[in-house]
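Engineer: Structure provided below as structure tokens; questions to follow.
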Amino acid sequence: MAKMQAVTISTPVNGDVIQLKAVKDPVFSAGMMGLGFGVQPSDGQIVAPVSGKVTMVAETKHALGFATPDNNLEVLVHLGIDTVELKGKPFELKVGVGDEVKAGDLIATMDMDMIKAANKQDTVILAVTNSSDKLESLDIHEGTATAGTAVATGRLNANTFNAKRQGRLPKEGKYDELATEIIKNVGGVDNISSLIHCITRLRFYLKDESKANDEVIANLKGVIDVAKAAGQYQVIIGPAVTDVYDAVIKQIGPELSNDAETAKAVAETTAAANRPTTVWGKIKWGFSSLIGVITGSMMPVIGLLAASGILKGVLALLTTFKLVSPTDSTYVIINAMGDSVFYFLPIFVGFTAGKKLGADPVIMGIIGGVLTYPALVTMASGKAISSILGMSVNATFFGLPVHMASYTYSIFPMIAGAWLASKLEPWLKRVIPTVLRMIFVPLFEVIIVSGVIILFLGPIITMLSTGLANGIVWIYNLSPSISGLLIGGFYQVLVIFGLHWAVVPIVANDIASTGHSYLNAIISATMVAQGGAVMAIALKSKLANIKELAWPATISAFSGVTEPAMYGINLKYGRAFVTASIGAAVGGFLTGLMRVNMWGFTGSLIGFTSFVNPKGMDFSFWGFWIASVATVIVSFTLTWLFGFKDEDVNAVKTAPKKRHLGETA
């Protein structure tokens, strides 16, 4: 085995070298910015810790970044703790971005007295920000050291060492210049309240959006566009958003990252200012806000849902062609891979909805774990003790009769729970003494929110969905074609709010008792429609970030899993969900009109064999294809013409594009 190459890093200032974990900054001490060390300085002369190029200089002069030429280490020197608030006054820089330096060269001076007078700490921190990719380890030599003396020895990992030997080191720090330009043109660090990001966008909460130069930002190489929505100034980056985010945070300071309280306050203030006053306007605003919360809570797991949907489709094909039997352990293992994200969805949605709504995401994840706890899942499917308002009573709580619903695969109860927690948590922090908060806030929050969902919200949803299910059966018995039209048009709306689960037992009972289900055939058409709509968007859009979401969502929808298509694209952009629902209504109408029957659970295009009558192929198979093709044509065409355009990605389009999107690559 080849010996790993060692690298050395010098202390950037005279003083006492300490371990990174001893630095009094939680972001650095926890290693979030990478391996490194701290120095308690004895003077304010700052020198280069490595030889290389200056890749970043913070606008407030409190941080500088370097890249080494031989192994591409990214080294950050951070002058003081929370000194970004001093707006550069204690610092004088001797270098700029692009300058070449040698280890030991004077790069800056800092006024330690001014820092201390501002009640800030003057600890100088060094972090190798790409150490997770580059270094196996970094050994620190503690104690008093002179500036420019090697105090840290690191070992390059195997991949970096081999890449170096082969002359193909990746380019590091390439987003620092873009980050500098973005910061400057959003109004500078002083104009930034906080920064978060999603899978394609930097989401700034700015103090004054009018200070941002929209046109300049939108035309930066590496930026797709600019949008303003939900109190956020959004810079659309695409797949490299995480790298650009890290580069921005490196310059503005980690204290401005994921500041949930500030972000929430800014968002609420902006939203309140823009809230409509008319009745219809309030209804539209409320519905739009609800959809925003739902899609925002689902966005972080959309990729997982799409991947799982595709895997479930592959499994359906394997069983269809008798390559795997449902009783085989192979089937069970693959099914677990594809189904786990859906089964434990309340945990993931609890976490993401908590972040979205300002509740503690970890506590909400635990509440999701309560709802998917195996014993409660078993209880939900257990024998009924009695019934109330048409709901089975299958549990008791201190002697009180309780309807225990099944929460696997569900999202709406967790979003409602996160909203409740966001209101409950601040109140608990006000009434519980500080010394007791760490234990009792999560204790009461888990008990109260879980209890409200299990004892009240779950039964309410069950009662509503049971009523809807009975109405669906009544309409179907009255007229299959009319029921197909209505079910097709509105079934995916039921999915959004978790009200569709009362329909599933009807389908299961139909197949168990008669071996087939006319109702499931109509539901299948709604999946095809979502796929047809998102496929139109995938082909029509010129935005790379939309295509990256739309194509997997298309495959997933045609594999019978519509959540990625709905939450990731169609529902998010409004009209696309409407055009998809119209296509589903047409498909459902044709399915009911032709009395298409279905002999299995798996629907959408992947489930075509479910429409083969075991007693011999009949018209249901051909009716399925006629209805499916018509559904795809209608949903695709309507979405292409009326359901989506790239401008929809920006709630308010503020900067005209002056270059081809390919230039952002």
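We label chains A, B, ... in the order they appear in the structure tokens, count residues from 1 in each chain, and number ligands from 1 in the order shown.
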Give me the residues near region 319-326 of chain A as a PyMOL selection string, where near means some atom within 9 Å (using only C-alpha atoms) and where sequence neighbours in that chain fewer than 4 positions away do not count.
Structural biologist: chain A and resi 314-315+330-332+607+609-610
Engineer: Distance CA of Ala6 (chain A)-CA of Phe37 (chain A), one decimal place?
Structural biologist: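 Taking CA of Ala6 (chain A) as the start and CA of Phe37 (chain A) as the end point, the length is 17.1 Å.
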Engineer: Within 8 Å of Gly365 (chain A), counting only C-alpha atoms, which residues show up once you throw out same-chain ones fewer than 3 positions away? Write them as a list in words, please.
Structural biologist: Pro346, Ile347, Phe348, Val349, Gly350, Phe351, Pro361, Val362, Gly368 and Gly369 of chain A
Engineer: Which neighbours of Tyr518 (chain A) fall inside 7 Å, counting only C-alpha atoms, when residues of the same chain fewer than 5 positions from it are skipped, and could you give them as number ranges by chain?
Structural biologist: A: 596-598
Engineer: Report as a CSV table (one decimal) with C-alpha atoms, in the first residue's frame all protein, DNA and RNA residues lying within 9 Å of Asp176 (chain A), evaluated on only C-alpha atoms, omitting residues in the same chain fewer than 6 positions from it.
Structural biologist:
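around_18.csv, freshly written:
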```csv
chain,number,residue,atom,x,y,z
A,55,THR,CA,-9.3,32.6,-3.3
A,56,MET,CA,-11.6,34.6,-1.0
A,57,VAL,CA,-11.6,37.8,1.0
A,65,GLY,CA,-9.4,31.7,1.9
A,244,VAL,CA,-22.1,27.9,-3.8
A,247,ALA,CA,-18.7,29.4,-0.5
A,248,VAL,CA,-21.1,32.2,0.5
A,250,LYS,CA,-17.4,30.9,4.2
A,251,GLN,CA,-17.4,34.7,3.5
```
Engineer: Skipping near chain neighbours, those fewer than 4 positions away, what residues fall within 12 Å of Met414 (chain A) using only C-alpha atoms, listed as an mmCIF file with all heavy atoms, in the first residue's frame?
Structural biologist:
```
data_model
loop_
_atom_site.group_PDB
_atom_site.id
_atom_site.type_symbol
_atom_site.label_atom_id
_atom_site.label_comp_id
_atom_site.auth_asym_id
_atom_site.auth_seq_id
_atom_site.Cartn_x
_atom_site.Cartn_y
_atom_site.Cartn_z
ATOM 1 N N VAL A 293 -46.412 25.410 2.139
ATOM 2 C CA VAL A 293 -45.918 24.631 3.275
ATOM 3 C C VAL A 293 -45.806 23.149 2.901
ATOM 4 O O VAL A 293 -44.816 22.485 3.221
ATOM 5 C CB VAL A 293 -46.851 24.806 4.493
ATOM 6 C CG1 VAL A 293 -46.498 23.812 5.591
ATOM 7 C CG2 VAL A 293 -46.757 26.224 5.030
ATOM 8 N N ILE A 294 -46.831 22.633 2.213
ATOM 9 C CA ILE A 294 -46.817 21.216 1.835
ATOM 10 C C ILE A 294 -45.648 20.915 0.906
ATOM 11 O O ILE A 294 -44.866 19.985 1.140
ATOM 12 C CB ILE A 294 -48.156 20.819 1.171
ATOM 13 C CG1 ILE A 294 -49.296 20.879 2.202
ATOM 14 C CG2 ILE A 294 -48.063 19.413 0.574
ATOM 15 C CD1 ILE A 294 -50.672 20.650 1.609
ATOM 16 N N SER A 297 -42.258 21.366 2.617
ATOM 17 C CA SER A 297 -41.953 20.268 3.539
ATOM 18 C C SER A 297 -41.549 19.002 2.797
ATOM 19 O O SER A 297 -40.777 18.188 3.318
ATOM 20 C CB SER A 297 -43.177 19.979 4.430
ATOM 21 O OG SER A 297 -43.528 21.112 5.192
ATOM 22 N N MET A 298 -42.073 18.835 1.589
ATOM 23 C CA MET A 298 -41.795 17.620 0.833
ATOM 24 C C MET A 298 -40.543 17.711 -0.031
ATOM 25 O O MET A 298 -39.946 16.693 -0.377
ATOM 26 C CB MET A 298 -42.997 17.283 -0.069
ATOM 27 C CG MET A 298 -44.239 16.864 0.686
ATOM 28 S SD MET A 298 -43.989 15.353 1.643
ATOM 29 C CE MET A 298 -43.738 14.160 0.333
ATOM 30 N N PHE A 344 -41.898 5.200 6.543
ATOM 31 C CA PHE A 344 -41.440 6.096 7.605
ATOM 32 C C PHE A 344 -41.539 7.568 7.199
ATOM 33 O O PHE A 344 -40.869 8.423 7.783
ATOM 34 C CB PHE A 344 -39.999 5.756 7.982
ATOM 35 C CG PHE A 344 -39.842 4.376 8.555
ATOM 36 C CD1 PHE A 344 -39.236 3.371 7.817
ATOM 37 C CD2 PHE A 344 -40.324 4.068 9.814
ATOM 38 C CE1 PHE A 344 -39.093 2.099 8.332
ATOM 39 C CE2 PHE A 344 -40.190 2.797 10.340
ATOM 40 C CZ PHE A 344 -39.579 1.798 9.600
ATOM 41 N N LEU A 345 -42.382 7.859 6.231
ATOM 42 C CA LEU A 345 -42.520 9.228 5.739
ATOM 43 C C LEU A 345 -42.864 10.231 6.841
ATOM 44 O O LEU A 345 -42.368 11.366 6.810
ATOM 45 C CB LEU A 345 -43.570 9.272 4.626
ATOM 46 C CG LEU A 345 -43.585 10.520 3.731
ATOM 47 C CD1 LEU A 345 -42.228 10.740 3.081
ATOM 48 C CD2 LEU A 345 -44.664 10.390 2.660
ATOM 49 N N PRO A 346 -43.699 9.875 7.824
ATOM 50 C CA PRO A 346 -43.986 10.845 8.886
ATOM 51 C C PRO A 346 -42.738 11.344 9.617
ATOM 52 O O PRO A 346 -42.697 12.493 10.052
ATOM 53 C CB PRO A 346 -44.909 10.065 9.832
ATOM 54 C CG PRO A 346 -45.601 9.086 8.949
ATOM 55 C CD PRO A 346 -44.551 8.668 7.952
ATOM 56 N N ILE A 347 -41.721 10.500 9.743
ATOM 57 C CA ILE A 347 -40.485 10.920 10.420
ATOM 58 C C ILE A 347 -39.780 11.988 9.591
ATOM 59 O O ILE A 347 -39.381 13.038 10.097
ATOM 60 C CB ILE A 347 -39.555 9.716 10.660
ATOM 61 C CG1 ILE A 347 -40.224 8.701 11.591
ATOM 62 C CG2 ILE A 347 -38.222 10.175 11.243
ATOM 63 C CD1 ILE A 347 -39.429 7.440 11.802
ATOM 64 N N PHE A 348 -39.625 11.709 8.287
ATOM 65 C CA PHE A 348 -38.925 12.650 7.415
ATOM 66 C C PHE A 348 -39.709 13.955 7.268
ATOM 67 O O PHE A 348 -39.135 15.049 7.331
ATOM 68 C CB PHE A 348 -38.699 12.018 6.033
ATOM 69 C CG PHE A 348 -38.013 10.684 6.088
ATOM 70 C CD1 PHE A 348 -38.504 9.602 5.374
ATOM 71 C CD2 PHE A 348 -36.885 10.505 6.867
ATOM 72 C CE1 PHE A 348 -37.880 8.371 5.427
ATOM 73 C CE2 PHE A 348 -36.247 9.272 6.920
ATOM 74 C CZ PHE A 348 -36.747 8.206 6.210
ATOM 75 N N VAL A 349 -41.019 13.826 7.067
ATOM 76 C CA VAL A 349 -41.839 15.023 6.892
ATOM 77 C C VAL A 349 -41.906 15.819 8.192
ATOM 78 O O VAL A 349 -41.934 17.047 8.172
ATOM 79 C CB VAL A 349 -43.254 14.648 6.403
ATOM 80 C CG1 VAL A 349 -44.162 15.871 6.383
ATOM 81 C CG2 VAL A 349 -43.180 14.040 5.013
ATOM 82 N N GLY A 350 -41.911 15.116 9.319
ATOM 83 C CA GLY A 350 -41.884 15.819 10.597
ATOM 84 C C GLY A 350 -40.657 16.704 10.716
ATOM 85 O O GLY A 350 -40.736 17.859 11.129
ATOM 86 N N PHE A 351 -39.513 16.159 10.312
ATOM 87 C CA PHE A 351 -38.258 16.918 10.383
ATOM 88 C C PHE A 351 -38.290 18.118 9.439
ATOM 89 O O PHE A 351 -37.983 19.245 9.834
ATOM 90 C CB PHE A 351 -37.088 15.994 10.038
ATOM 91 C CG PHE A 351 -35.738 16.627 10.233
ATOM 92 C CD1 PHE A 351 -35.095 16.560 11.454
ATOM 93 C CD2 PHE A 351 -35.106 17.293 9.194
ATOM 94 C CE1 PHE A 351 -33.845 17.142 11.650
ATOM 95 C CE2 PHE A 351 -33.865 17.890 9.371
ATOM 96 C CZ PHE A 351 -33.234 17.811 10.608
ATOM 97 N N THR A 352 -38.666 17.875 8.176
ATOM 98 C CA THR A 352 -38.646 18.960 7.186
ATOM 99 C C THR A 352 -39.740 19.995 7.460
ATOM 100 O O THR A 352 -39.513 21.192 7.284
ATOM 101 C CB THR A 352 -38.809 18.397 5.768
ATOM 102 O OG1 THR A 352 -40.023 17.632 5.683
ATOM 103 C CG2 THR A 352 -37.638 17.487 5.404
ATOM 104 N N ALA A 353 -40.919 19.541 7.889
ATOM 105 C CA ALA A 353 -41.994 20.491 8.202
ATOM 106 C C ALA A 353 -41.638 21.312 9.433
ATOM 107 O O ALA A 353 -41.987 22.496 9.518
ATOM 108 C CB ALA A 353 -43.311 19.749 8.426
ATOM 109 N N GLY A 354 -40.942 20.691 10.378
ATOM 110 C CA GLY A 354 -40.491 21.431 11.552
ATOM 111 C C GLY A 354 -39.565 22.573 11.167
ATOM 112 O O GLY A 354 -39.693 23.694 11.657
ATOM 113 N N LYS A 356 -39.451 23.968 8.223
ATOM 114 C CA LYS A 356 -40.219 24.910 7.398
ATOM 115 C C LYS A 356 -41.062 25.848 8.255
ATOM 116 O O LYS A 356 -41.160 27.047 7.975
ATOM 117 C CB LYS A 356 -41.118 24.114 6.449
ATOM 118 C CG LYS A 356 -42.048 24.949 5.581
ATOM 119 C CD LYS A 356 -41.318 25.607 4.455
ATOM 120 C CE LYS A 356 -42.256 26.368 3.545
ATOM 121 N NZ LYS A 356 -41.542 27.100 2.480
ATOM 122 N N LEU A 357 -41.657 25.318 9.320
ATOM 123 C CA LEU A 357 -42.609 26.091 10.114
ATOM 124 C C LEU A 357 -42.016 26.671 11.393
ATOM 125 O O LEU A 357 -42.705 27.365 12.131
ATOM 126 C CB LEU A 357 -43.824 25.224 10.447
ATOM 127 C CG LEU A 357 -44.686 24.840 9.236
ATOM 128 C CD1 LEU A 357 -45.682 23.755 9.613
ATOM 129 C CD2 LEU A 357 -45.407 26.054 8.686
ATOM 130 N N ALA A 359 -40.637 24.888 13.998
ATOM 131 C CA ALA A 359 -40.639 24.000 15.158
ATOM 132 C C ALA A 359 -39.305 23.260 15.216
ATOM 133 O O ALA A 359 -38.544 23.246 14.244
ATOM 134 C CB ALA A 359 -41.803 23.011 15.075
ATOM 135 N N PRO A 361 -37.019 20.555 14.529
ATOM 136 C CA PRO A 361 -37.148 19.449 13.576
ATOM 137 C C PRO A 361 -36.861 18.081 14.196
ATOM 138 O O PRO A 361 -37.463 17.081 13.790
ATOM 139 C CB PRO A 361 -36.127 19.796 12.480
ATOM 140 C CG PRO A 361 -35.176 20.746 13.107
ATOM 141 C CD PRO A 361 -35.952 21.495 14.136
ATOM 142 N N ILE A 363 -37.463 17.146 17.341
ATOM 143 C CA ILE A 363 -38.649 16.747 18.116
ATOM 144 C C ILE A 363 -39.757 16.281 17.174
ATOM 145 O O ILE A 363 -40.436 15.282 17.440
ATOM 146 C CB ILE A 363 -39.130 17.919 18.991
ATOM 147 C CG1 ILE A 363 -38.095 18.222 20.075
ATOM 148 C CG2 ILE A 363 -40.482 17.599 19.625
ATOM 149 C CD1 ILE A 363 -38.440 19.417 20.943
ATOM 150 N N MET A 364 -39.940 16.990 16.060
ATOM 151 C CA MET A 364 -40.974 16.586 15.108
ATOM 152 C C MET A 364 -40.637 15.227 14.477
ATOM 153 O O MET A 364 -41.531 14.431 14.195
ATOM 154 C CB MET A 364 -41.139 17.644 14.019
ATOM 155 C CG MET A 364 -41.826 18.920 14.485
ATOM 156 S SD MET A 364 -43.384 18.621 15.376
ATOM 157 C CE MET A 364 -44.297 17.669 14.159
ATOM 158 N N GLY A 365 -39.358 14.969 14.247
ATOM 159 C CA GLY A 365 -38.968 13.648 13.746
ATOM 160 C C GLY A 365 -39.315 12.559 14.744
ATOM 161 O O GLY A 365 -39.758 11.469 14.369
ATOM 162 N N ILE A 366 -39.123 12.846 16.025
ATOM 163 C CA ILE A 366 -39.470 11.875 17.071
ATOM 164 C C ILE A 366 -40.981 11.645 17.100
ATOM 165 O O ILE A 366 -41.446 10.502 17.261
ATOM 166 C CB ILE A 366 -38.969 12.375 18.439
ATOM 167 C CG1 ILE A 366 -37.436 12.349 18.466
ATOM 168 C CG2 ILE A 366 -39.537 11.522 19.572
ATOM 169 C CD1 ILE A 366 -36.828 13.013 19.675
ATOM 170 N N ILE A 367 -41.751 12.713 16.933
ATOM 171 C CA ILE A 367 -43.215 12.556 16.893
ATOM 172 C C ILE A 367 -43.616 11.692 15.697
ATOM 173 O O ILE A 367 -44.517 10.849 15.798
ATOM 174 C CB ILE A 367 -43.896 13.938 16.836
ATOM 175 C CG1 ILE A 367 -43.664 14.686 18.153
ATOM 176 C CG2 ILE A 367 -45.389 13.807 16.547
ATOM 177 C CD1 ILE A 367 -44.094 16.139 18.135
ATOM 178 N N GLY A 368 -42.939 11.883 14.555
ATOM 179 C CA GLY A 368 -43.174 10.997 13.421
ATOM 180 C C GLY A 368 -42.850 9.558 13.760
ATOM 181 O O GLY A 368 -43.539 8.625 13.325
ATOM 182 N N GLY A 369 -41.792 9.364 14.574
ATOM 183 C CA GLY A 369 -41.455 8.016 15.023
ATOM 184 C C GLY A 369 -42.525 7.416 15.908
ATOM 185 O O GLY A 369 -42.780 6.204 15.868
ATOM 186 N N VAL A 370 -43.168 8.263 16.719
ATOM 187 C CA VAL A 370 -44.286 7.783 17.553
ATOM 188 C C VAL A 370 -45.403 7.242 16.670
ATOM 189 O O VAL A 370 -45.952 6.160 16.909
ATOM 190 C CB VAL A 370 -44.818 8.931 18.449
ATOM 191 C CG1 VAL A 370 -46.102 8.487 19.160
ATOM 192 C CG2 VAL A 370 -43.765 9.346 19.463
ATOM 193 N N LEU A 371 -45.744 7.989 15.613
ATOM 194 C CA LEU A 371 -46.861 7.596 14.751
ATOM 195 C C LEU A 371 -46.563 6.344 13.939
ATOM 196 O O LEU A 371 -47.489 5.649 13.508
ATOM 197 C CB LEU A 371 -47.220 8.749 13.806
ATOM 198 C CG LEU A 371 -47.629 10.073 14.467
ATOM 199 C CD1 LEU A 371 -48.082 11.073 13.422
ATOM 200 C CD2 LEU A 371 -48.728 9.855 15.506
ATOM 201 N N THR A 372 -45.269 6.063 13.687
ATOM 202 C CA THR A 372 -44.916 4.860 12.925
ATOM 203 C C THR A 372 -44.379 3.754 13.829
ATOM 204 O O THR A 372 -43.835 2.761 13.332
ATOM 205 C CB THR A 372 -43.856 5.193 11.855
ATOM 206 O OG1 THR A 372 -42.709 5.814 12.470
ATOM 207 C CG2 THR A 372 -44.426 6.131 10.808
ATOM 208 N N TYR A 407 -50.696 5.892 10.193
ATOM 209 C CA TYR A 407 -50.049 7.124 9.736
ATOM 210 C C TYR A 407 -48.876 6.873 8.793
ATOM 211 O O TYR A 407 -48.243 7.828 8.341
ATOM 212 C CB TYR A 407 -49.574 7.938 10.941
ATOM 213 C CG TYR A 407 -50.708 8.382 11.819
ATOM 214 C CD1 TYR A 407 -51.053 7.661 12.955
ATOM 215 C CD2 TYR A 407 -51.461 9.499 11.497
ATOM 216 C CE1 TYR A 407 -52.112 8.056 13.758
ATOM 217 C CE2 TYR A 407 -52.525 9.905 12.284
ATOM 218 C CZ TYR A 407 -52.849 9.173 13.420
ATOM 219 O OH TYR A 407 -53.897 9.559 14.201
ATOM 220 N N THR A 408 -48.567 5.601 8.531
ATOM 221 C CA THR A 408 -47.524 5.339 7.547
ATOM 222 C C THR A 408 -47.985 5.857 6.187
ATOM 223 O O THR A 408 -49.178 5.857 5.879
ATOM 224 C CB THR A 408 -47.238 3.831 7.446
ATOM 225 O OG1 THR A 408 -48.442 3.132 7.121
ATOM 226 C CG2 THR A 408 -46.699 3.293 8.759
ATOM 227 N N TYR A 409 -47.070 6.350 5.397
ATOM 228 C CA TYR A 409 -47.334 6.934 4.074
ATOM 229 C C TYR A 409 -47.994 8.311 4.156
ATOM 230 O O TYR A 409 -48.270 8.918 3.131
ATOM 231 C CB TYR A 409 -48.237 6.037 3.219
ATOM 232 C CG TYR A 409 -47.615 4.756 2.744
ATOM 233 C CD1 TYR A 409 -47.401 3.704 3.623
ATOM 234 C CD2 TYR A 409 -47.243 4.603 1.406
ATOM 235 C CE1 TYR A 409 -46.831 2.520 3.187
ATOM 236 C CE2 TYR A 409 -46.673 3.414 0.967
ATOM 237 C CZ TYR A 409 -46.465 2.379 1.861
ATOM 238 O OH TYR A 409 -45.900 1.214 1.432
ATOM 239 N N SER A 410 -48.275 8.849 5.340
ATOM 240 C CA SER A 410 -49.050 10.086 5.423
ATOM 241 C C SER A 410 -48.141 11.293 5.659
ATOM 242 O O SER A 410 -47.052 11.171 6.229
ATOM 243 C CB SER A 410 -50.084 10.001 6.551
ATOM 244 O OG SER A 410 -49.451 9.852 7.810
ATOM 245 N N ALA A 418 -46.580 19.945 13.002
ATOM 246 C CA ALA A 418 -45.463 20.901 13.006
ATOM 247 C C ALA A 418 -45.974 22.322 13.215
ATOM 248 O O ALA A 418 -45.339 23.130 13.909
ATOM 249 C CB ALA A 418 -44.680 20.799 11.701
ATOM 250 N N TRP A 419 -47.119 22.636 12.610
ATOM 251 C CA TRP A 419 -47.713 23.950 12.814
ATOM 252 C C TRP A 419 -48.080 24.148 14.292
ATOM 253 O O TRP A 419 -47.789 25.191 14.882
ATOM 254 C CB TRP A 419 -48.957 24.117 11.948
ATOM 255 C CG TRP A 419 -49.685 25.405 12.209
ATOM 256 C CD1 TRP A 419 -49.411 26.635 11.692
ATOM 257 C CD2 TRP A 419 -50.793 25.585 13.116
ATOM 258 N NE1 TRP A 419 -50.272 27.578 12.204
ATOM 259 C CE2 TRP A 419 -51.131 26.964 13.071
ATOM 260 C CE3 TRP A 419 -51.520 24.725 13.931
ATOM 261 C CZ2 TRP A 419 -52.173 27.483 13.829
ATOM 262 C CZ3 TRP A 419 -52.565 25.247 14.688
ATOM 263 C CH2 TRP A 419 -52.884 26.606 14.635
ATOM 264 N N LEU A 420 -48.710 23.115 14.875
ATOM 265 C CA LEU A 420 -49.073 23.195 16.292
ATOM 266 C C LEU A 420 -47.825 23.353 17.156
ATOM 267 O O LEU A 420 -47.787 24.170 18.086
ATOM 268 C CB LEU A 420 -49.850 21.942 16.705
ATOM 269 C CG LEU A 420 -50.185 21.808 18.197
ATOM 270 C CD1 LEU A 420 -51.065 22.966 18.652
ATOM 271 C CD2 LEU A 420 -50.872 20.467 18.473
ATOM 272 N N ALA A 421 -46.784 22.591 16.847
ATOM 273 C CA ALA A 421 -45.543 22.663 17.624
ATOM 274 C C ALA A 421 -44.890 24.034 17.521
ATOM 275 O O ALA A 421 -44.304 24.533 18.489
ATOM 276 C CB ALA A 421 -44.568 21.582 17.152
ATOM 277 N N VAL A 449 -48.282 17.199 21.188
ATOM 278 C CA VAL A 449 -48.493 17.124 19.740
ATOM 279 C C VAL A 449 -48.868 15.709 19.315
ATOM 280 O O VAL A 449 -49.803 15.514 18.518
ATOM 281 C CB VAL A 449 -47.241 17.605 18.978
ATOM 282 C CG1 VAL A 449 -47.447 17.450 17.474
ATOM 283 C CG2 VAL A 449 -46.954 19.069 19.310
ATOM 284 N N SER A 450 -48.173 14.699 19.844
ATOM 285 C CA SER A 450 -48.535 13.313 19.517
ATOM 286 C C SER A 450 -49.962 13.019 19.954
ATOM 287 O O SER A 450 -50.736 12.381 19.222
ATOM 288 C CB SER A 450 -47.570 12.331 20.196
ATOM 289 O OG SER A 450 -46.256 12.498 19.754
ATOM 290 N N VAL A 452 -52.478 15.139 20.388
ATOM 291 C CA VAL A 452 -53.464 15.833 19.550
ATOM 292 C C VAL A 452 -53.657 15.101 18.225
ATOM 293 O O VAL A 452 -54.785 14.928 17.747
ATOM 294 C CB VAL A 452 -53.021 17.297 19.299
ATOM 295 C CG1 VAL A 452 -53.858 17.932 18.197
ATOM 296 C CG2 VAL A 452 -53.142 18.109 20.577
ATOM 297 N N ILE A 453 -52.556 14.646 17.621
ATOM 298 C CA ILE A 453 -52.670 13.931 16.346
ATOM 299 C C ILE A 453 -53.422 12.619 16.520
ATOM 300 O O ILE A 453 -54.352 12.306 15.766
ATOM 301 C CB ILE A 453 -51.271 13.666 15.745
ATOM 302 C CG1 ILE A 453 -50.609 14.981 15.341
ATOM 303 C CG2 ILE A 453 -51.385 12.748 14.521
ATOM 304 C CD1 ILE A 453 -49.180 14.818 14.855
ATOM 305 N N ILE A 454 -53.029 11.839 17.525
ATOM 306 C CA ILE A 454 -53.628 10.507 17.719
ATOM 307 C C ILE A 454 -55.075 10.590 18.195
ATOM 308 O O ILE A 454 -55.952 9.865 17.704
ATOM 309 C CB ILE A 454 -52.782 9.690 18.717
ATOM 310 C CG1 ILE A 454 -51.421 9.353 18.097
ATOM 311 C CG2 ILE A 454 -53.515 8.412 19.129
ATOM 312 C CD1 ILE A 454 -50.441 8.712 19.064
ATOM 313 N N LEU A 457 -56.761 14.685 15.583
ATOM 314 C CA LEU A 457 -56.561 14.894 14.157
ATOM 315 C C LEU A 457 -56.764 13.612 13.354
ATOM 316 O O LEU A 457 -57.443 13.617 12.313
ATOM 317 C CB LEU A 457 -55.157 15.458 13.905
ATOM 318 C CG LEU A 457 -54.857 15.872 12.468
ATOM 319 C CD1 LEU A 457 -55.840 16.933 11.995
ATOM 320 C CD2 LEU A 457 -53.427 16.398 12.357
ATOM 321 N N GLY A 458 -56.181 12.506 13.830
ATOM 322 C CA GLY A 458 -56.337 11.226 13.127
ATOM 323 C C GLY A 458 -57.791 10.816 12.964
ATOM 324 O O GLY A 458 -58.235 10.492 11.853
ATOM 325 N N PHE A 497 -54.113 15.506 1.161
ATOM 326 C CA PHE A 497 -54.548 15.668 2.547
ATOM 327 C C PHE A 497 -54.695 14.337 3.286
ATOM 328 O O PHE A 497 -55.189 14.297 4.404
ATOM 329 C CB PHE A 497 -55.875 16.431 2.588
ATOM 330 C CG PHE A 497 -55.765 17.822 2.039
ATOM 331 C CD1 PHE A 497 -56.209 18.133 0.769
ATOM 332 C CD2 PHE A 497 -55.173 18.823 2.794
ATOM 333 C CE1 PHE A 497 -56.082 19.411 0.260
ATOM 334 C CE2 PHE A 497 -55.044 20.104 2.293
ATOM 335 C CZ PHE A 497 -55.497 20.403 1.022
ATOM 336 N N GLY A 498 -54.249 13.260 2.657
ATOM 337 C CA GLY A 498 -54.294 11.962 3.316
ATOM 338 C C GLY A 498 -55.682 11.377 3.445
ATOM 339 O O GLY A 498 -55.900 10.438 4.229
#
```
Engineer: Neighbouring residues of Ser604 (chain A) were defined as those with any atom within 9 Å, considering only C-alpha atoms; residues of the same chain fewer than 6 positions away were excluded. Please report them as a list in words.
Structural biologist: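 Neighbouring residues, sequence-local ones excluded: Ala521, Ile523, Ser524, Ala525, Thr526, Met527, Val528, Ala529, Gly531, Ala557, Phe558, Ser559, Gly560, Val561 and Ser628 of chain A.
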Engineer: Between CA of Ile334 (chain A) and CA of Pro552 (chain A), measure the distance and give it in Å to one decimal.
Structural biologist: 19.0 Å
